[in-house]
Amino acid sequence: MAVDSPQGWNLREKLDSRPTGSFYWALTIMATIGGFLFGYDTANIGSALTFIPYRLGPLALGYLVAGSSLGAAVGAIVAGPFTDSWGRKSLLILDAAIYALGALLSAFTVNVFMLLASRTLIGLAIGADSAIATAYIAEYAPKVRRGSLAILQQWMITVGIFLAYVIGIVVFSVWPHGATTFDWRLILGLGAIPALLGLVYRIRMPESPRWLLQRGQLDKLQRALKMLGIDASLNELRQAKEREEAPTQDSASKPRITPGMRYALVIAGVFMVFQQITGINIPFYYGPKILKPYFSSGHMVPVQAAVTGIEATVVLATVNVAATYIGFRFIDVWGRRKISRLGFGGMAVFMILSALSLTWLTGMSRAIILLITLAGFIVFFAFGVGGTGWTIEGEYFPTALRGRLASLVAFVNWIANFVIVEMFPVLQRAVALTGVMVLFAILSFLAVIFISRWMPETKGLSVEDIVERFDRLAED
C-alpha cells in the first residue's frame with residue numbers, strides 16, 4: 001500500500017498529473033465518436049440533397065437539412081439530468097445505439113415524413129453526445145492536456161464531414177444512374193456503421209473517475225483508475241472521498257447553482273451562439289448546392305454537376321481537417337481566449353473577402369477566389385473557434401452539475417445551429433448570398449468584442465480551479 005501524504009491521497013492531483021499515453025487518446029476518440037457522426041450527418045445530407053425525390057418548399061428543405069439540429073437540442077437538454085444521475089458512459093452507449101437506428105431508418109424511409117422523423121432521431125443522439133462527451137473528457141484529462149484532448153471532438157467532426165463527401169463522390173461516380181433511387185439512401189445509411197462500432201467500444205470504456213468519486217462508487221472507481229494507469233487502494237479512495245466532501249459538509253447536500261456557475265453558463269452559452277450564427281455550417285450543409293453553379297457548366301448532366309459541387313466542397317472539408325490540428329497543437333499553449341479571438345477575427349475578414357469575390361469577379365476566377373476565401377474562413381474557425389467551444393463546455397462546471405449545465409450549453413448550441421441552418425434558404429432569397437456573408441462577418445466581429453470583454457482565460461487550471469475562478473469573477 002502506498003504511503004499517504006499528510007493531506008491524504010488526492011485524486012485530483014493524480015488525474016491532473018498523469019501523462020497522456022495511447023490509452024488516453026484511444027479513449028478520447030471513442031468518447032468523441034458522436035462528433036464524427038455529427039460531421040458525417042452534416043455532410044451526407046449536403047451530398048444527397050439534390051437527389052432526394054420529395055418535393056420540398058424552402059422551410060421544408062431547411063428542416064430536412066436542419067431537423068437533426070432541432071432533435072439535437074432536445075437530446076442535449078434531456079441528457080443532462082440523466083448523465084448526472086446514471087453516469088457519462090451509460091448515456092454515451094445509448095447515444096450510439098439511437099444514431100445507428102436513425103441512420104438505418106433514413107436509408108429505408110418510405111416517405112418524406114419518415115425521413116424528417118429519422119433526421120430528428122439522429123439529432124437526439126448527436127445532441128446528447130455533444131452534451132456528454134467533452135464533460136466526460138474533462139473529468140479524466142490531465143489539466144495541461146485537457147484542451148488538446150477535448151478538441152478531438154471538433155477534429156472528429158471535421159473527419160466525419162470529409163469522409164461523408166468522399167463517400168458521396170464515390171457512390172455517385174460508381175452508380176450515377178441510381179442517384180435518385182439507391183445512392184442517396186446508401187449515403188445516409190452508412191452512418192450506422194461507425195455508430196455500431198462506437199456502441200461496441202464504448203461498452204468497454206471506464207466510467208468518469210470524478211463522477212464515480214462524487215457518487216461514492218469506490219469499487220468501480222478503483223477499476224476505472226486502473227484502466228487509466230493509476231493504482232489506488234480502497235482506503236486511499238475513501239480518504240479522497242472524505243477530502244472531496246470536507247469543504248461542503250456544512251452545506252446542503254443537494255448541489256446548488258452559484259452566481260459563478262451562472263456566469264460560466266452565460267459565457268459558454270453566448271460563445272456557442274456565436275460559434276453557430278457566424279455561419280460555419282452553411283458551407284458544409286449547403287456547400288455542394290451553393291458551389292455547384294460556380295464550378296459546373298451547362299452541358300453537364302445533373303449527376304456530374306452535383307459531383308462537381310461535392311468535389312469543390314471536399315476541398316473545404318480537407319482544409320477543415322488540417323486546420324483543426326493547429327487548434328489541437330496550440331489551445332493549451334495560447335489559451336482559450338487568445339485563440340478564439342484570433343479565430344473569430346479571421347472569420348470576419350474572410351467572409352468580407354468572400355462577399356467581395358461574388359460582387360466584383362466573374363467566371364472561373366470568381367469560383368476559385370470564392371473557394372479560397374471560404375477555405376480561409378474555415379481555417380480560422382477550425383483552429384480558433386470550433387474546438388474552443390467544446391472545450392469550455394466540458395471544463396467550466398463542477399462535477400455534480402457538469403452534465404446538466406454542459407447540456408444547457410449544448411442545447412443553446414443546437415438551437416442556434418437549427419435557426420441559422422433552417423433560415424439560410426430564406427435569408428439567401430431575401431438578401432442574396434453576398435448579403436448573408438456580410439451578416440456573418442458582422443457577427444464574427446461582435447464575437448471578438450464579447451471575448452475581449454467578458455471571457456476569462458482557463459488554460460492550465462484544474463476543472464475545480466476553474467469553478468473557483470468563476471465564483472471570484474461573479475463576486476467582483
# chains A, B, ... in the order shown; residues from 1 in each chain; ligands from 1

$ select_by_dssp --residues "segment 34-202 of chain A" --states "alpha helix (DSSP H)" --output "ChimeraX atom specification"
/A:34-48,58-86,88-107,112-138,146-150,152-174,184-189,192-202

$ residues_around --residues "segment 94-97 of chain A" --least-positions-apart "6" --cutoff "12 Å" --atoms "only C-alpha atoms" --output "number ranges by chain"
A: 30-38, 72, 75-76, 78-79, 82-83, 86-88, 103-104, 121-133, 191-203

$ write_last_selection --atoms "C-alpha atoms" --output "PDB file, in the first residue's frame"
ATOM      1  CA  MET A  30     -14.254   6.653 -28.585  1.00  0.00           C
ATOM      2  CA  ALA A  31     -15.760   9.424 -26.461  1.00  0.00           C
ATOM      3  CA  THR A  32     -15.910  11.740 -29.471  1.00  0.00           C
ATOM      4  CA  ILE A  33     -17.319   9.255 -31.998  1.00  0.00           C
ATOM      5  CA  GLY A  34     -20.505  11.325 -31.711  1.00  0.00           C
ATOM      6  CA  GLY A  35     -18.540  14.237 -33.157  1.00  0.00           C
ATOM      7  CA  PHE A  36     -17.662  12.073 -36.158  1.00  0.00           C
ATOM      8  CA  LEU A  37     -21.318  11.120 -36.549  1.00  0.00           C
ATOM      9  CA  PHE A  38     -22.361  14.769 -36.355  1.00  0.00           C
ATOM     10  CA  ALA A  72     -30.014  17.598 -31.076  1.00  0.00           C
ATOM     11  CA  GLY A  75     -31.299  15.401 -26.927  1.00  0.00           C
ATOM     12  CA  ALA A  76     -28.844  17.745 -25.253  1.00  0.00           C
ATOM     13  CA  VAL A  78     -32.707  15.720 -21.859  1.00  0.00           C
ATOM     14  CA  ALA A  79     -29.271  14.127 -21.473  1.00  0.00           C
ATOM     15  CA  PHE A  82     -29.687  11.588 -16.795  1.00  0.00           C
ATOM     16  CA  THR A  83     -25.915  11.717 -17.154  1.00  0.00           C
ATOM     17  CA  TRP A  86     -26.677   7.497 -14.360  1.00  0.00           C
ATOM     18  CA  GLY A  87     -23.127   8.391 -15.356  1.00  0.00           C
ATOM     19  CA  ARG A  88     -21.426   9.524 -18.546  1.00  0.00           C
ATOM     20  CA  ALA A 103     -29.347   6.159 -39.880  1.00  0.00           C
ATOM     21  CA  LEU A 104     -30.979   2.860 -40.850  1.00  0.00           C
ATOM     22  CA  LEU A 121     -33.994  10.918 -34.176  1.00  0.00           C
ATOM     23  CA  ILE A 122     -30.390  11.161 -35.364  1.00  0.00           C
ATOM     24  CA  GLY A 123     -30.316  14.637 -33.873  1.00  0.00           C
ATOM     25  CA  LEU A 124     -31.395  13.326 -30.463  1.00  0.00           C
ATOM     26  CA  ALA A 125     -28.312  11.103 -30.350  1.00  0.00           C
ATOM     27  CA  ILE A 126     -25.957  13.780 -31.653  1.00  0.00           C
ATOM     28  CA  GLY A 127     -27.225  16.354 -29.169  1.00  0.00           C
ATOM     29  CA  ALA A 128     -26.998  14.066 -26.173  1.00  0.00           C
ATOM     30  CA  ASP A 129     -23.497  13.059 -27.197  1.00  0.00           C
ATOM     31  CA  SER A 130     -22.381  16.676 -27.554  1.00  0.00           C
ATOM     32  CA  ALA A 131     -23.598  17.382 -24.024  1.00  0.00           C
ATOM     33  CA  ILE A 132     -21.765  14.439 -22.506  1.00  0.00           C
ATOM     34  CA  ALA A 133     -18.550  13.774 -24.447  1.00  0.00           C
ATOM     35  CA  GLY A 191     -23.624   6.300 -40.860  1.00  0.00           C
ATOM     36  CA  ALA A 192     -24.923   3.272 -38.959  1.00  0.00           C
ATOM     37  CA  ILE A 193     -21.538   1.515 -39.321  1.00  0.00           C
ATOM     38  CA  PRO A 194     -19.394   3.879 -37.194  1.00  0.00           C
ATOM     39  CA  ALA A 195     -22.301   4.215 -34.755  1.00  0.00           C
ATOM     40  CA  LEU A 196     -22.379   0.456 -34.183  1.00  0.00           C
ATOM     41  CA  LEU A 197     -18.599   0.342 -33.829  1.00  0.00           C
ATOM     42  CA  GLY A 198     -18.834   3.135 -31.270  1.00  0.00           C
ATOM     43  CA  LEU A 199     -21.520   1.203 -29.420  1.00  0.00           C
ATOM     44  CA  VAL A 200     -19.274  -1.849 -29.102  1.00  0.00           C
ATOM     45  CA  TYR A 201     -16.173   0.013 -27.965  1.00  0.00           C
ATOM     46  CA  ARG A 202     -17.984   2.386 -25.611  1.00  0.00           C
ATOM     47  CA  ILE A 203     -19.191  -0.586 -23.593  1.00  0.00           C
TER      48      ILE A 203
END

$ atom_distance --atom1 "atom CA of Phe284 of chain A" --atom2 "atom CA of Ala66 of chain A"
11.8 Å

$ closest_residue --among "A:Gly57, A:Pro259, A:Pro19, A:Pro283" --to "Val421 of chain A" --atoms "only C-alpha atoms"
A:Pro283

$ residues_around --residues "segment 381-386 of chain A" --least-positions-apart "3" --cutoff "10 Å" --atoms "only C-alpha atoms" --output "ChimeraX atom specification"
/A:151,153-155,157-158,271-272,274-276,278-280,319-331,336-347,375-378,389-391

$ residues_around --residues "Val438 of chain A" --least-positions-apart "5" --cutoff "8 Å" --atoms "only C-alpha atoms" --output "CSV table (one decimal) with N, CA and C atoms, in the first residue's frame"
chain,number,residue,atom,x,y,z
A,351,MET,N,-15.0,36.4,-44.6
A,351,MET,CA,-16.3,36.5,-45.0
A,351,MET,C,-16.5,37.7,-45.9
A,352,ILE,N,-15.9,38.8,-45.5
A,352,ILE,CA,-15.9,40.0,-46.3
A,352,ILE,C,-15.3,39.8,-47.7
A,355,ALA,N,-17.6,37.8,-49.9
A,355,ALA,CA,-18.7,38.7,-50.4
A,355,ALA,C,-18.1,39.5,-51.6

$ closest_residue --among "A:Lys289, A:Arg262, A:Arg366, A:Arg185" --to "Ala406 of chain A" --atoms "only C-alpha atoms"
A:Arg262

$ decode --residues "segment 394-465 of chain A" --atoms "C-alpha atoms" --output "CSV table (one decimal), in the first residue's frame"
chain,number,residue,atom,x,y,z
A,394,GLY,CA,-16.8,20.5,-20.7
A,395,GLU,CA,-14.4,22.3,-18.3
A,396,TYR,CA,-16.4,25.2,-16.9
A,397,PHE,CA,-18.7,23.4,-14.4
A,398,PRO,CA,-18.4,21.3,-11.2
A,399,THR,CA,-18.7,17.6,-11.4
A,400,ALA,CA,-22.0,17.3,-9.5
A,401,LEU,CA,-23.7,19.6,-12.1
A,402,ARG,CA,-21.4,19.3,-15.1
A,403,GLY,CA,-23.8,17.1,-17.0
A,404,ARG,CA,-26.9,19.2,-16.8
A,405,LEU,CA,-25.0,22.6,-17.2
A,406,ALA,CA,-23.0,21.3,-20.1
A,407,SER,CA,-26.3,20.0,-21.6
A,408,LEU,CA,-27.7,23.5,-21.4
A,409,VAL,CA,-24.8,24.9,-23.3
A,410,ALA,CA,-25.1,22.2,-25.9
A,411,PHE,CA,-28.9,22.9,-26.1
A,412,VAL,CA,-28.1,26.6,-26.8
A,413,ASN,CA,-25.6,25.5,-29.5
A,414,TRP,CA,-28.0,23.3,-31.3
A,415,ILE,CA,-30.9,25.8,-31.2
A,416,ALA,CA,-28.6,28.4,-32.7
A,417,ASN,CA,-27.4,25.8,-35.3
A,418,PHE,CA,-31.0,24.9,-36.2
A,419,VAL,CA,-32.1,28.6,-36.5
A,420,ILE,CA,-29.2,29.6,-38.9
A,421,VAL,CA,-29.4,26.4,-41.0
A,422,GLU,CA,-33.2,26.5,-41.2
A,423,MET,CA,-33.3,30.2,-42.1
A,424,PHE,CA,-30.4,30.2,-44.6
A,425,PRO,CA,-32.6,29.5,-47.7
A,426,VAL,CA,-34.9,32.3,-46.5
A,427,LEU,CA,-32.0,34.7,-45.9
A,428,GLN,CA,-30.4,33.9,-49.2
A,429,ARG,CA,-33.7,34.5,-51.0
A,430,ALA,CA,-34.1,37.9,-49.2
A,431,VAL,CA,-30.6,39.4,-49.3
A,432,ALA,CA,-28.7,37.0,-51.7
A,433,LEU,CA,-25.6,35.1,-50.7
A,434,THR,CA,-23.5,38.2,-50.6
A,435,GLY,CA,-25.7,39.8,-48.0
A,436,VAL,CA,-25.6,36.7,-45.9
A,437,MET,CA,-21.8,36.7,-45.9
A,438,VAL,CA,-21.7,40.4,-44.8
A,439,LEU,CA,-24.0,39.5,-41.9
A,440,PHE,CA,-21.7,36.6,-40.9
A,441,ALA,CA,-18.8,39.0,-40.9
A,442,ILE,CA,-20.5,41.5,-38.6
A,443,LEU,CA,-21.5,38.7,-36.2
A,444,SER,CA,-17.9,37.4,-36.1
A,445,PHE,CA,-16.6,40.9,-35.3
A,446,LEU,CA,-19.2,41.2,-32.4
A,447,ALA,CA,-17.9,37.8,-31.1
A,448,VAL,CA,-14.3,39.3,-30.9
A,449,ILE,CA,-15.7,42.1,-28.8
A,450,PHE,CA,-17.6,39.7,-26.5
A,451,ILE,CA,-14.5,37.5,-25.9
A,452,SER,CA,-12.2,40.5,-25.3
A,453,ARG,CA,-14.6,42.0,-22.7
A,454,TRP,CA,-16.1,39.0,-20.8
A,455,MET,CA,-14.4,35.7,-21.4
A,456,PRO,CA,-11.7,34.7,-18.8
A,457,GLU,CA,-8.7,32.5,-19.6
A,458,THR,CA,-8.8,29.0,-18.1
A,459,LYS,CA,-5.8,27.2,-19.6
A,460,GLY,CA,-3.6,25.3,-17.2
A,461,LEU,CA,-6.3,25.2,-14.4
A,462,SER,CA,-7.9,22.1,-13.0
A,463,VAL,CA,-11.6,21.9,-13.5
A,464,GLU,CA,-12.1,22.6,-9.8
A,465,ASP,CA,-9.9,25.7,-10.0
